Structure formats: structure tokens, C-alpha cells
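So this one's start09.txt, compact mmCIF, C-alpha atoms:
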```
# COMPACT_ATOMS: atom_id res chain seq x y z
CA MET A 1 97.05 -48.80 -224.81
CA THR A 2 97.33 -51.26 -227.69
CA LYS A 3 96.27 -54.73 -226.60
CA LYS A 4 98.75 -57.27 -227.94
CA VAL A 5 98.73 -60.99 -227.27
CA LEU A 6 101.16 -63.69 -228.41
CA PHE A 7 99.72 -67.21 -228.64
CA ILE A 8 101.94 -70.30 -228.62
CA ILE A 9 100.94 -73.82 -229.69
CA ASN A 10 102.81 -76.73 -231.25
CA ASP A 11 100.83 -76.67 -234.52
CA LEU A 12 97.56 -75.70 -236.19
CA ARG A 13 96.77 -79.18 -237.43
CA MET A 14 93.32 -80.71 -236.95
CA GLY A 15 92.47 -80.86 -233.26
CA GLY A 16 90.21 -79.41 -230.58
CA ALA A 17 92.78 -77.07 -229.05
CA GLN A 18 93.77 -75.79 -232.48
CA ARG A 19 90.13 -75.14 -233.36
CA VAL A 20 89.54 -73.19 -230.17
CA LEU A 21 92.68 -71.13 -230.72
CA SER A 22 91.71 -70.32 -234.31
CA ILE A 23 88.29 -69.09 -233.12
CA VAL A 24 89.77 -67.03 -230.28
CA MET A 25 92.38 -65.39 -232.52
CA ARG A 26 89.78 -64.51 -235.14
CA GLU A 27 87.43 -62.96 -232.58
CA LEU A 28 90.19 -60.99 -230.84
CA VAL A 29 91.35 -59.56 -234.17
CA ARG A 30 87.77 -58.49 -234.84
CA SER A 31 87.76 -56.75 -231.45
CA GLY A 32 90.87 -54.75 -232.33
CA TYR A 33 93.57 -56.82 -230.63
CA THR A 34 97.01 -57.23 -232.16
CA VAL A 35 97.56 -61.00 -232.35
CA SER A 36 100.73 -63.00 -233.00
CA LEU A 37 101.28 -66.76 -233.09
CA VAL A 38 104.26 -69.07 -232.57
CA THR A 39 104.20 -72.73 -233.65
CA ASN A 40 106.89 -75.36 -233.97
CA HIS A 41 105.39 -76.68 -237.20
CA SER A 42 105.34 -74.54 -240.32
CA ASP A 43 102.14 -73.18 -241.82
CA ALA A 44 102.39 -75.90 -244.50
CA THR A 45 100.92 -78.32 -241.93
CA ASP A 46 98.01 -76.05 -240.96
CA PHE A 47 94.43 -77.26 -241.04
CA TYR A 48 93.08 -74.07 -239.46
CA THR A 49 93.94 -70.72 -240.98
CA THR A 50 95.05 -67.61 -239.11
CA GLY A 51 94.10 -64.97 -241.64
CA ASP A 52 96.22 -62.05 -242.81
CA ASN A 53 95.87 -60.09 -239.57
CA VAL A 54 97.80 -62.56 -237.38
CA THR A 55 101.60 -62.31 -237.40
CA ARG A 56 102.98 -65.84 -237.66
CA PHE A 57 106.28 -67.25 -236.40
CA SER A 58 107.60 -70.81 -236.59
CA THR A 59 110.52 -72.25 -234.65
CA GLY A 60 110.97 -74.93 -237.33
CA LEU A 61 111.66 -77.40 -234.53
CA SER A 62 108.95 -79.99 -235.16
CA THR A 63 111.03 -83.13 -235.75
CA PRO A 64 110.23 -85.92 -233.23
CA SER A 65 113.08 -86.96 -230.93
CA ARG A 66 114.48 -90.48 -231.10
CA ASN A 67 115.88 -90.65 -227.56
CA ILE A 68 116.00 -88.76 -224.28
CA ALA A 69 119.22 -86.89 -225.08
CA GLN A 70 117.82 -85.69 -228.39
CA ALA A 71 114.55 -84.70 -226.72
CA ILE A 72 116.39 -82.58 -224.14
CA ILE A 73 118.43 -80.82 -226.81
CA SER A 74 115.38 -80.23 -229.03
CA ASN A 75 113.33 -78.78 -226.19
CA LEU A 76 116.17 -76.49 -225.11
CA LYS A 77 116.28 -75.22 -228.69
CA ARG A 78 112.51 -74.69 -228.63
CA ILE A 79 112.77 -72.75 -225.38
CA LYS A 80 115.49 -70.55 -226.88
CA ALA A 81 113.49 -69.95 -230.08
CA ILE A 82 110.27 -69.18 -228.19
CA ARG A 83 112.12 -66.83 -225.83
CA LYS A 84 113.57 -64.96 -228.81
CA VAL A 85 110.09 -64.23 -230.16
CA ILE A 86 108.75 -63.33 -226.71
CA THR A 87 111.55 -60.82 -226.07
CA GLU A 88 111.47 -59.32 -229.57
CA GLU A 89 107.69 -59.06 -229.82
CA SER A 90 106.06 -56.23 -227.89
CA SER A 91 103.07 -58.32 -226.81
CA ASN A 92 101.66 -57.61 -223.37
CA VAL A 93 100.54 -61.19 -222.78
CA VAL A 94 101.83 -64.64 -223.72
CA PHE A 95 99.14 -67.34 -223.92
CA SER A 96 100.11 -70.97 -224.58
CA PHE A 97 98.09 -74.12 -225.28
CA MET A 98 98.66 -77.76 -224.24
CA THR A 99 100.86 -79.22 -221.53
CA GLU A 100 104.29 -79.63 -223.14
CA THR A 101 104.09 -76.28 -224.93
CA ASN A 102 102.86 -74.64 -221.73
CA ILE A 103 105.90 -75.87 -219.85
CA LEU A 104 108.34 -74.70 -222.52
CA THR A 105 106.58 -71.32 -222.71
CA VAL A 106 106.78 -70.70 -218.96
CA LEU A 107 110.49 -71.57 -218.98
CA ALA A 108 111.08 -69.36 -222.03
CA SER A 109 109.30 -66.45 -220.36
CA LEU A 110 111.25 -66.44 -217.09
CA PHE A 111 112.60 -62.97 -216.20
CA THR A 112 111.03 -61.35 -219.29
CA GLY A 113 108.40 -59.50 -217.28
CA LYS A 114 105.60 -60.88 -219.48
CA ARG A 115 102.25 -62.06 -218.17
CA VAL A 116 101.98 -65.76 -219.04
CA ILE A 117 98.72 -67.68 -219.28
CA VAL A 118 98.64 -71.42 -219.92
CA SER A 119 95.73 -73.54 -221.11
CA GLU A 120 95.27 -77.20 -220.19
CA ARG A 121 93.18 -78.94 -222.84
CA SER A 122 92.89 -82.59 -221.73
CA ASP A 123 91.68 -84.69 -218.82
CA PRO A 124 94.85 -84.83 -216.69
CA GLU A 125 93.57 -87.82 -214.74
CA LYS A 126 93.41 -89.99 -217.87
CA ASP A 127 95.89 -88.30 -220.22
CA LYS A 128 98.97 -89.28 -218.24
CA LYS A 129 102.24 -87.64 -219.18
CA SER A 130 105.68 -89.09 -218.55
CA PHE A 131 107.15 -88.57 -215.08
CA ILE A 132 109.42 -85.73 -216.20
CA TRP A 133 106.60 -83.81 -217.92
CA GLN A 134 104.32 -84.23 -214.90
CA LEU A 135 107.09 -83.01 -212.61
CA LEU A 136 107.87 -80.03 -214.84
CA ARG A 137 104.18 -79.13 -214.99
CA LYS A 138 103.99 -79.01 -211.21
CA ILE A 139 107.12 -76.87 -211.03
CA THR A 140 106.45 -74.45 -213.87
CA TYR A 141 102.71 -73.80 -213.61
CA SER A 142 103.18 -71.96 -210.32
CA ASN A 143 105.13 -69.34 -212.30
CA ALA A 144 102.25 -68.67 -214.71
CA SER A 145 99.97 -65.69 -214.16
CA PHE A 146 96.91 -67.86 -214.78
CA VAL A 147 96.31 -71.55 -215.46
CA THR A 148 93.12 -72.09 -217.42
CA THR A 149 91.15 -75.28 -218.07
CA ASN A 150 88.12 -76.01 -220.23
CA SER A 151 86.52 -78.38 -217.74
CA LYS A 152 85.75 -78.03 -214.05
CA ALA A 153 87.19 -81.48 -213.37
CA ALA A 154 90.58 -80.46 -214.78
CA LEU A 155 90.43 -77.32 -212.66
CA GLU A 156 90.00 -79.43 -209.54
CA TYR A 157 92.99 -81.56 -210.54
CA MET A 158 95.18 -78.47 -210.94
CA LYS A 159 94.46 -77.42 -207.36
CA GLN A 160 96.99 -80.05 -206.30
CA PHE A 161 99.89 -77.84 -207.38
CA VAL A 162 98.52 -74.43 -208.47
CA ARG A 163 97.18 -71.80 -206.07
CA GLN A 164 93.44 -71.37 -206.41
CA GLU A 165 93.66 -67.65 -207.21
CA LYS A 166 95.63 -68.53 -210.37
CA LEU A 167 93.10 -71.07 -211.63
CA VAL A 168 90.44 -70.07 -214.15
CA TYR A 169 87.68 -72.14 -215.72
CA LEU A 170 87.58 -70.90 -219.32
CA PRO A 171 85.02 -72.77 -221.46
CA ASN A 172 85.45 -73.44 -225.16
CA PRO A 173 83.67 -70.92 -227.39
CA ILE A 174 81.18 -72.82 -229.54
CA GLU A 175 80.74 -72.05 -233.21
CA GLY A 176 77.32 -73.64 -233.51
CA CYS A 177 74.29 -73.66 -235.76
CA ILE A 178 72.60 -70.34 -236.48
CA GLU A 179 69.28 -72.02 -237.21
CA ILE A 180 68.08 -75.21 -235.53
CA ARG A 181 66.20 -77.80 -237.54
CA THR A 182 62.42 -77.81 -237.31
CA PRO A 183 60.69 -81.05 -236.20
CA ASP A 184 59.73 -81.72 -239.83
CA GLU A 185 63.32 -81.27 -241.00
CA TYR A 186 64.49 -83.55 -238.20
CA ALA A 187 62.02 -86.23 -239.22
CA GLU A 188 63.37 -86.09 -242.78
CA SER A 189 66.97 -86.74 -241.67
CA LYS A 190 68.34 -90.17 -242.47
CA SER A 191 69.41 -92.77 -239.94
CA ILE A 192 72.91 -91.33 -239.78
CA LEU A 193 75.19 -91.72 -236.79
CA LEU A 194 77.89 -89.04 -236.77
CA VAL A 195 81.38 -89.11 -235.23
CA VAL A 196 83.81 -86.21 -235.45
CA ALA A 197 87.21 -87.19 -234.08
CA ARG A 198 90.85 -87.99 -234.73
CA LEU A 199 91.30 -91.62 -235.70
CA HIS A 200 93.26 -92.48 -232.58
CA HIS A 201 92.91 -95.29 -230.02
CA ALA A 202 91.78 -92.82 -227.35
CA LYS A 203 88.73 -91.88 -229.41
CA GLY A 204 87.28 -95.41 -229.28
CA ILE A 205 86.15 -95.71 -232.91
CA ASP A 206 86.91 -99.44 -232.72
CA ILE A 207 84.34 -99.74 -229.92
CA LEU A 208 81.73 -98.16 -232.18
CA ILE A 209 82.59 -100.55 -235.02
CA ASP A 210 82.06 -103.49 -232.67
CA ALA A 211 78.72 -101.99 -231.58
CA ILE A 212 77.54 -101.64 -235.19
CA SER A 213 78.42 -105.30 -235.82
CA LEU A 214 76.33 -106.27 -232.79
CA LEU A 215 73.41 -104.21 -234.08
CA LYS A 216 73.66 -105.98 -237.42
CA PHE A 217 72.86 -109.23 -235.64
CA ARG A 218 69.74 -107.51 -234.26
CA ASN A 219 68.73 -106.63 -237.83
CA ARG A 220 69.46 -102.95 -237.21
CA SER A 221 71.12 -101.06 -240.04
CA TYR A 222 72.53 -97.54 -239.73
CA GLU A 223 74.88 -95.37 -241.72
CA VAL A 224 77.89 -94.14 -239.77
CA TRP A 225 79.76 -91.03 -240.90
CA ILE A 226 83.28 -90.57 -239.54
CA ALA A 227 84.71 -87.06 -240.00
CA GLY A 228 88.42 -86.93 -239.21
CA ASP A 229 91.69 -88.63 -240.02
CA GLY A 230 94.58 -90.14 -238.14
CA SER A 231 97.06 -92.96 -237.77
CA GLU A 232 94.43 -95.67 -237.22
CA MET A 233 92.48 -95.14 -240.44
CA GLU A 234 93.79 -98.31 -242.10
CA SER A 235 93.31 -100.58 -239.08
CA LEU A 236 89.79 -99.26 -238.45
CA MET A 237 88.76 -99.81 -242.06
CA LEU A 238 90.17 -103.34 -241.86
CA GLN A 239 88.12 -103.94 -238.71
CA THR A 240 84.91 -102.97 -240.52
CA GLU A 241 85.74 -105.46 -243.29
CA GLU A 242 86.52 -108.25 -240.85
CA LEU A 243 83.21 -107.70 -239.07
CA ASP A 244 81.32 -107.36 -242.37
CA VAL A 245 80.05 -103.85 -241.64
CA ALA A 246 82.20 -101.88 -244.10
CA ASP A 247 79.10 -100.89 -246.08
CA SER A 248 77.76 -99.08 -243.00
CA PHE A 249 80.70 -96.68 -242.73
CA ARG A 250 81.57 -93.53 -244.67
CA TRP A 251 85.06 -92.18 -244.04
CA LEU A 252 84.81 -88.47 -244.74
CA GLY A 253 88.34 -87.40 -243.79
CA ARG A 254 89.00 -83.85 -242.64
CA ILE A 255 86.01 -81.55 -243.08
CA ASP A 256 86.29 -77.76 -242.90
CA ASP A 257 82.61 -76.99 -242.41
CA LEU A 258 80.95 -79.46 -240.05
CA ILE A 259 77.60 -77.69 -239.71
CA PRO A 260 75.99 -79.48 -242.71
CA LEU A 261 76.98 -82.81 -241.17
CA TYR A 262 75.40 -81.93 -237.83
CA LYS A 263 72.21 -80.91 -239.64
CA SER A 264 72.09 -84.15 -241.63
CA ALA A 265 72.67 -86.58 -238.77
CA SER A 266 70.20 -88.18 -236.39
CA LEU A 267 72.64 -88.75 -233.57
CA PHE A 268 76.15 -87.76 -232.46
CA ILE A 269 78.39 -90.38 -230.85
CA LEU A 270 81.52 -89.87 -228.73
CA PRO A 271 82.81 -93.37 -227.84
CA SER A 272 86.10 -92.12 -226.36
CA ARG A 273 88.35 -93.87 -223.88
CA ARG A 274 89.42 -90.42 -222.64
CA GLU A 275 88.51 -86.84 -223.48
CA GLY A 276 89.21 -83.27 -222.52
CA MET A 277 86.35 -81.08 -223.67
CA PRO A 278 85.62 -81.89 -227.33
CA ASN A 279 84.40 -78.98 -229.43
CA ALA A 280 82.60 -81.33 -231.79
CA LEU A 281 80.34 -82.57 -228.99
CA LEU A 282 79.32 -79.04 -228.03
CA GLU A 283 78.84 -77.98 -231.66
CA ALA A 284 76.65 -81.03 -232.33
CA MET A 285 74.55 -80.21 -229.27
CA SER A 286 74.20 -76.59 -230.41
CA CYS A 287 72.71 -77.92 -233.65
CA GLY A 288 70.04 -79.85 -231.78
CA LEU A 289 71.58 -83.32 -231.94
CA PRO A 290 71.02 -85.84 -229.16
CA VAL A 291 74.32 -87.44 -228.15
CA ILE A 292 75.72 -90.69 -226.87
CA ILE A 293 78.96 -90.42 -224.89
CA SER A 294 81.07 -92.73 -222.76
CA ASN A 295 81.62 -92.12 -219.06
CA ALA A 296 85.40 -92.22 -219.57
CA SER A 297 86.14 -88.60 -218.63
CA PRO A 298 84.34 -86.00 -216.50
CA GLY A 299 84.59 -83.11 -219.00
CA PRO A 300 81.77 -84.17 -221.39
CA LEU A 301 79.67 -85.30 -218.41
CA GLU A 302 79.49 -81.65 -217.34
CA TYR A 303 77.22 -81.11 -220.36
CA VAL A 304 75.51 -84.48 -220.85
CA ALA A 305 73.37 -85.97 -218.10
CA ASN A 306 72.17 -89.48 -218.88
CA GLY A 307 68.59 -89.42 -220.14
CA GLU A 308 68.39 -85.64 -220.61
CA SER A 309 70.35 -84.45 -223.66
CA GLY A 310 71.55 -87.93 -224.52
CA LEU A 311 72.73 -91.23 -223.12
CA VAL A 312 75.91 -92.17 -221.27
CA PHE A 313 77.35 -95.66 -221.68
CA GLU A 314 80.06 -97.59 -219.87
CA SER A 315 83.41 -96.77 -221.44
CA GLY A 316 84.85 -99.61 -223.50
CA SER A 317 81.60 -101.60 -223.66
CA SER A 318 80.46 -102.17 -227.24
CA ASN A 319 77.34 -103.93 -225.90
CA ALA A 320 76.35 -100.91 -223.83
CA LEU A 321 76.97 -98.62 -226.80
CA ALA A 322 74.87 -100.83 -229.08
CA ASP A 323 72.03 -100.74 -226.55
CA ALA A 324 72.21 -96.93 -226.34
CA ILE A 325 72.14 -96.56 -230.13
CA ASP A 326 69.22 -98.97 -230.35
CA GLU A 327 67.30 -97.11 -227.64
CA LEU A 328 67.59 -93.70 -229.29
CA MET A 329 67.32 -94.71 -232.94
CA SER A 330 64.10 -96.61 -232.24
CA ASN A 331 62.44 -93.59 -230.64
CA GLU A 332 62.24 -90.44 -232.77
CA ASP A 333 60.29 -88.47 -230.14
CA LYS A 334 62.99 -89.14 -227.56
CA ARG A 335 65.72 -88.03 -229.97
CA GLN A 336 63.91 -84.79 -230.73
CA ARG A 337 63.29 -84.08 -227.05
CA MET A 338 66.93 -84.74 -226.15
CA GLY A 339 68.11 -82.68 -229.12
CA GLN A 340 66.11 -79.68 -227.91
CA LYS A 341 67.61 -80.10 -224.44
CA SER A 342 71.11 -80.22 -225.98
CA THR A 343 70.56 -76.82 -227.58
CA GLU A 344 69.40 -75.31 -224.29
CA ILE A 345 72.39 -76.66 -222.38
CA VAL A 346 75.10 -75.28 -224.65
CA LYS A 347 73.48 -71.98 -225.62
CA PRO A 348 75.39 -70.04 -222.90
CA TYR A 349 78.68 -71.25 -224.41
CA LEU A 350 78.25 -69.75 -227.88
CA ILE A 351 81.06 -67.48 -229.11
CA SER A 352 79.28 -64.21 -228.31
CA ASN A 353 78.98 -65.21 -224.65
CA ILE A 354 82.36 -66.86 -224.09
CA ILE A 355 84.87 -64.61 -225.89
CA PRO A 356 84.30 -61.78 -223.36
CA LEU A 357 85.39 -64.22 -220.63
CA TRP A 358 88.61 -64.91 -222.53
CA GLU A 359 89.17 -61.17 -222.86
CA LYS A 360 88.81 -60.71 -219.11
CA VAL A 361 91.52 -63.29 -218.48
CA ILE A 362 93.90 -61.94 -221.13
CA PHE A 363 93.46 -58.27 -220.18
CA PRO A 364 91.62 -58.16 -216.83
CA ARG A 365 92.06 -54.42 -216.37
CA GLU A 366 91.74 -53.20 -219.94
CA SER A 367 88.76 -55.38 -220.92
CA THR A 368 85.45 -53.51 -220.88
CA SER A 369 83.37 -56.68 -221.19
CA SER A 370 81.14 -57.41 -218.22
CA ARG A 371 79.20 -60.46 -219.34
CA SER A 372 79.72 -63.64 -217.35
CA VAL A 373 77.24 -66.38 -218.15
CA VAL A 374 79.14 -69.40 -216.86
CA ASN A 375 79.51 -70.21 -213.19
```
Full structure transcribed into C-alpha cells:
Amino acid sequence: MTKKVLFIINDLRMGGAQRVLSIVMRELVRSGYTVSLVTNHSDATDFYTTGDNVTRFSTGLSTPSRNIAQAIISNLKRIKAIRKVITEESSNVVFSFMTETNILTVLASLFTGKRVIVSERSDPEKDKKSFIWQLLRKITYSNASFVTTNSKAALEYMKQFVRQEKLVYLPNPIEGCIEIRTPDEYAESKSILLVVARLHHAKGIDILIDAISLLKFRNRSYEVWIAGDGSEMESLMLQTEELDVADSFRWLGRIDDLIPLYKSASLFILPSRREGMPNALLEAMSCGLPVIISNASPGPLEYVANGESGLVFESGSSNALADAIDELMSNEDKRQRMGQKSTEIVKPYLISNIIPLWEKVIFPRESTSSRSVVN
């Protein structure tokens, strides 16, 4: 039997969910699956590519709604367009990503006889949706074949309204470093602090800027590389100028290949106010980087224990972040030791180990994979 899967996501712009989906599609195609994709945005907005072996559809319904009435009409149109692809495509499985798209996909799939899998990508405790979306999630998710999450904390949250037998913890596949830096190479790296994130309030870049200004008063000087773009670029750059730390920051924009950045940095920082399970954190750890993260969300804390592979600081506290940076950047041996621990922790989550788990969920009977390395 030909194994066909139809993925559905709002767009393939820069983002963690989009990155995971691009990796999964690529690996499934390599394994002989027939893969299709539906997005609301056109491929002109793509950051991640699908390759020639993925059949691409777009609803063309990406325009933001100005009011509730318009939102209802737009989403009904999206449901109709998604249902059209689902019924016309001969895919065995429909797999959607992210809350709003998940809800629309379940509704579009009703009475089609298709197996529907949905993937939650955020921390539902912190990433609060509007009342109507939260209500619809509770109603629709019970109709999905499986509800997957990329953190155990999110899985626990879903138990409130999804039967346990439908819940699956499905970790992100990590596309990490093939070769880890030697101690000598690590010692040669500059004092570079690396952040890979959307420039959005939730990511807490402003907190890091405040922390760097505090370190300046302690006569500490570091170079901060920010890989990513977003709506707050201008305001964040203005903040660095106001605090007289603009010379410490390099704004790299969107970067296709992050591995050279991970290998050049001394430390990876995730100052977020909320997180799901960020790929960049896991990729940085796979490359042997010690990390500093906030305690804002439980997902990253599943991988980073304070004092082992990095440090955990109080969310929102620029003073606590400055102290953590100071502690690690003043102790090269500690950074190397934590970096080695990082690599050990995330090794089970590399692509070769995790993709078989995705296959088992998508085609539980047809999949011949038997590896399961994550509890």
C-alpha cells in the first residue's frame, strides 16, 4: 500500500513549527512516502523549502480579518478550501500543525473517513488563545485520531479534554552538528552570545538588552548575535541605542544554515517570556553549546536542568540574566563541561532516532520502524 500523508499548516515562514515540518516532510519523502502540503499563504512567503517531491496546495486565504464577522467568514472559507483538498487528494492521513489550523482541519475532515492527527506546538498554559479558540479546541480535538505535543507539559495540559489513549508525546527531530568542537576549538571561539528567535515580545530580547547594559556597568563586554527577524526589530535596535550598547549587537536577520553560528558562539541564550519547544535550543545543545534559559515555560526545562547543561534564570529579570551570563562567561571550564552535557542530553533526539517515532504515529500498522528512544 502506498503511504500518503497530507500536511496542513498556515505557512512555511520562519518559525519552529515550520522548521520541524520541513524536516519531517523531507525525511518521509526519503523513506518513500507520498507527501502533500496545504498552506493558506502562497509559496512566495516561504522561508523553508518543500522540494520538488512534495505536492503543494494553497488556499490563498491568508489575509488577516478586521473584525469578528470577517474572521468567521474567512475561516469558513478556509474550512471549505481545506476540505476540498482533503476529499480530492487520496492521502491516507491528514496531519496538521498549530492550534487554529488544527481546529479548522478537524472541522474540514468531518465525515471524510480520513485519519486526522493534530500537533500542538506551544505552551498552552502561557500561550492563551481567545475564548472561542480555546472552546473550539476542546470540542474538536476529541474528534482527532491523535493529538501530539512536543513537550510533556503540554501533553499533561491536553489531558483536560482529550482521552489519554489519543495523546502522543512526539519530540522535535533535531538537525544538529555532525562534528562537535574539540576543547581547543572551543577555547578559540570568541566571547559571542547567540540568540536564535523571532523578534517578538514573547522571546524576551528586550530583557537580554537590559542585561547587556547592566554588564557594561560591570566592565563586561560581549558580542551578541541575534539571528531572526520580526515586528520588533526597530524598537529593539532603538533600545540598544538608548542604553548605549548598540555596538555589542549584530542583527543577522534570517539565516538558512545556523550550524556555523552554533560553532562560533560561546553561549546560547533563550530569554523568552513563553516557549513551546524551540528547535534552536536543541540544535545549539547538539553542537555542544552551554545554554541560559528562563524558567518561563516547562518545555525547555525538560532538557535544561540548572547547573548541568546550562543555567536557568527567573523569567523577566534582566539582573538574574546578567548574573547568569557573568557566571558562565567568566568560567571557560564550566562552559565546556556544560556544553558536553548538552550534547549528551539531546543526542537521543537527533533526526535518525525521532523520525521513526513520527512514522509510527502517522502509519502505526504499516510502519516497520521499531526504535523508540524517548520515554
Taking (80.3, -94.9, -218.9) as a centre in this file's frame and 10 Å as the limit, can you find every polymer residue with an atom that close, using all atoms listed in the file, and give them as a ChimeraX atom specification?
/A:271-273,293-297,301,306,311-317,320-321
Using all atoms of stretch 300-319 of chain A that appear in the file, construct an axis-aligned enclosing box with 5 Å of padding on every side and provide its centre coordinates and edge lengths in Å, rounded to one decimal, as AutoDock Vina command-line options.
```
--center_x 76.6 --center_y -92.5 --center_z -222.3 --size_x 26.5 --size_y 32.8 --size_z 19.9
```
For atom CA of A:Lys166 and atom CA of A:Phe146, determine how far apart the two atoms are, in Å to one decimal place.
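For atom CA of A:Lys166 relative to atom CA of A:Phe146, the distance reads 4.6 Å.
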Length of the atom CA of A:Asp11 to atom CA of A:Asn102 vector [Å]
13.1 Å
Closest to A:Ser191 among A:Ser264, A:Asn67, A:Thr148, A:Asn353, using all atoms listed in the file?
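Closest to A:Ser191 of all the choices is A:Ser264.
Closest approach to A:Ser221 among A:Glu283, A:Arg115, A:Ala246, A:Leu104: A:Ala246, based on all atoms listed in the file.
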Counting only C-alpha atoms, which residue out of A:Val35, A:Asp326, A:Lys77, A:Thr240 sits closest to A:Gly60?
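Ranking A:Val35, A:Asp326, A:Lys77, A:Thr240 by distance to A:Gly60, first place goes to A:Lys77.
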As an exercise, work out the distance from atom CA of A:Gly339 to atom CA of A:Arg220 in Å and give it to one decimal place.
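Distance reported for this atom pair: 21.9 Å.
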Write out as an MDAnalysis selection string each polymer residue whose atoms come within 12 Å of A:Gly113, counting all atoms listed in the file; drop sequence neighbours fewer than 2 positions from it.
chainID A and resid 83 86:87 90:94 106 108:111 115:116 143:145
Mind checking which residues fall within 10 Å of A:Pro300, counting only C-alpha atoms, ignoring those fewer than 6 positions away in the same chain, and posting them as a ChimeraX atom specification?
/A:151,270,274-279,281-282,293-294,312
Would you kindly identify which residues have an atom no farther than 12 Å from (81.5, -106.3, -231.9), using only C-alpha atoms and the file's own coordinates, and write them out as a ChimeraX atom specification?
/A:205-217,239-240,242-245,316-322
Who sits within 8 Å of A:Phe57, all atoms listed in the file, same chain under 2 positions skipped, as a list in words
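Residues meeting the cut-off are Ser36, Leu37, Val38, Thr39, Thr55, Thr59 and Val85 of chain A.
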Surrounding residues of A:Glu232 excluding itself and chain neighbours under 4 positions, 9 Å, all atoms listed in the file, as a VMD selection string
chain A and resid 198 to 201 236 to 237
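Residue nearest A:Glu100 within the list A:Lys84, A:Ile9, A:Glu156, A:Glu27: A:Ile9 [criterion: smallest interatomic distance, all atoms listed in the file].
With distances taken over all atoms listed in the file, A:Lys3 is the one residue among A:Glu241, A:Tyr157, A:Lys3, A:Asp127 lying closest to A:Pro364.
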Residue nearest A:Leu61 among A:Thr49, A:Asn219, A:Asn40, A:Ser22 (counting all atoms listed in the file)
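Between A:Thr49, A:Asn219, A:Asn40, A:Ser22, the residue approaching A:Leu61 most closely is A:Asn40.
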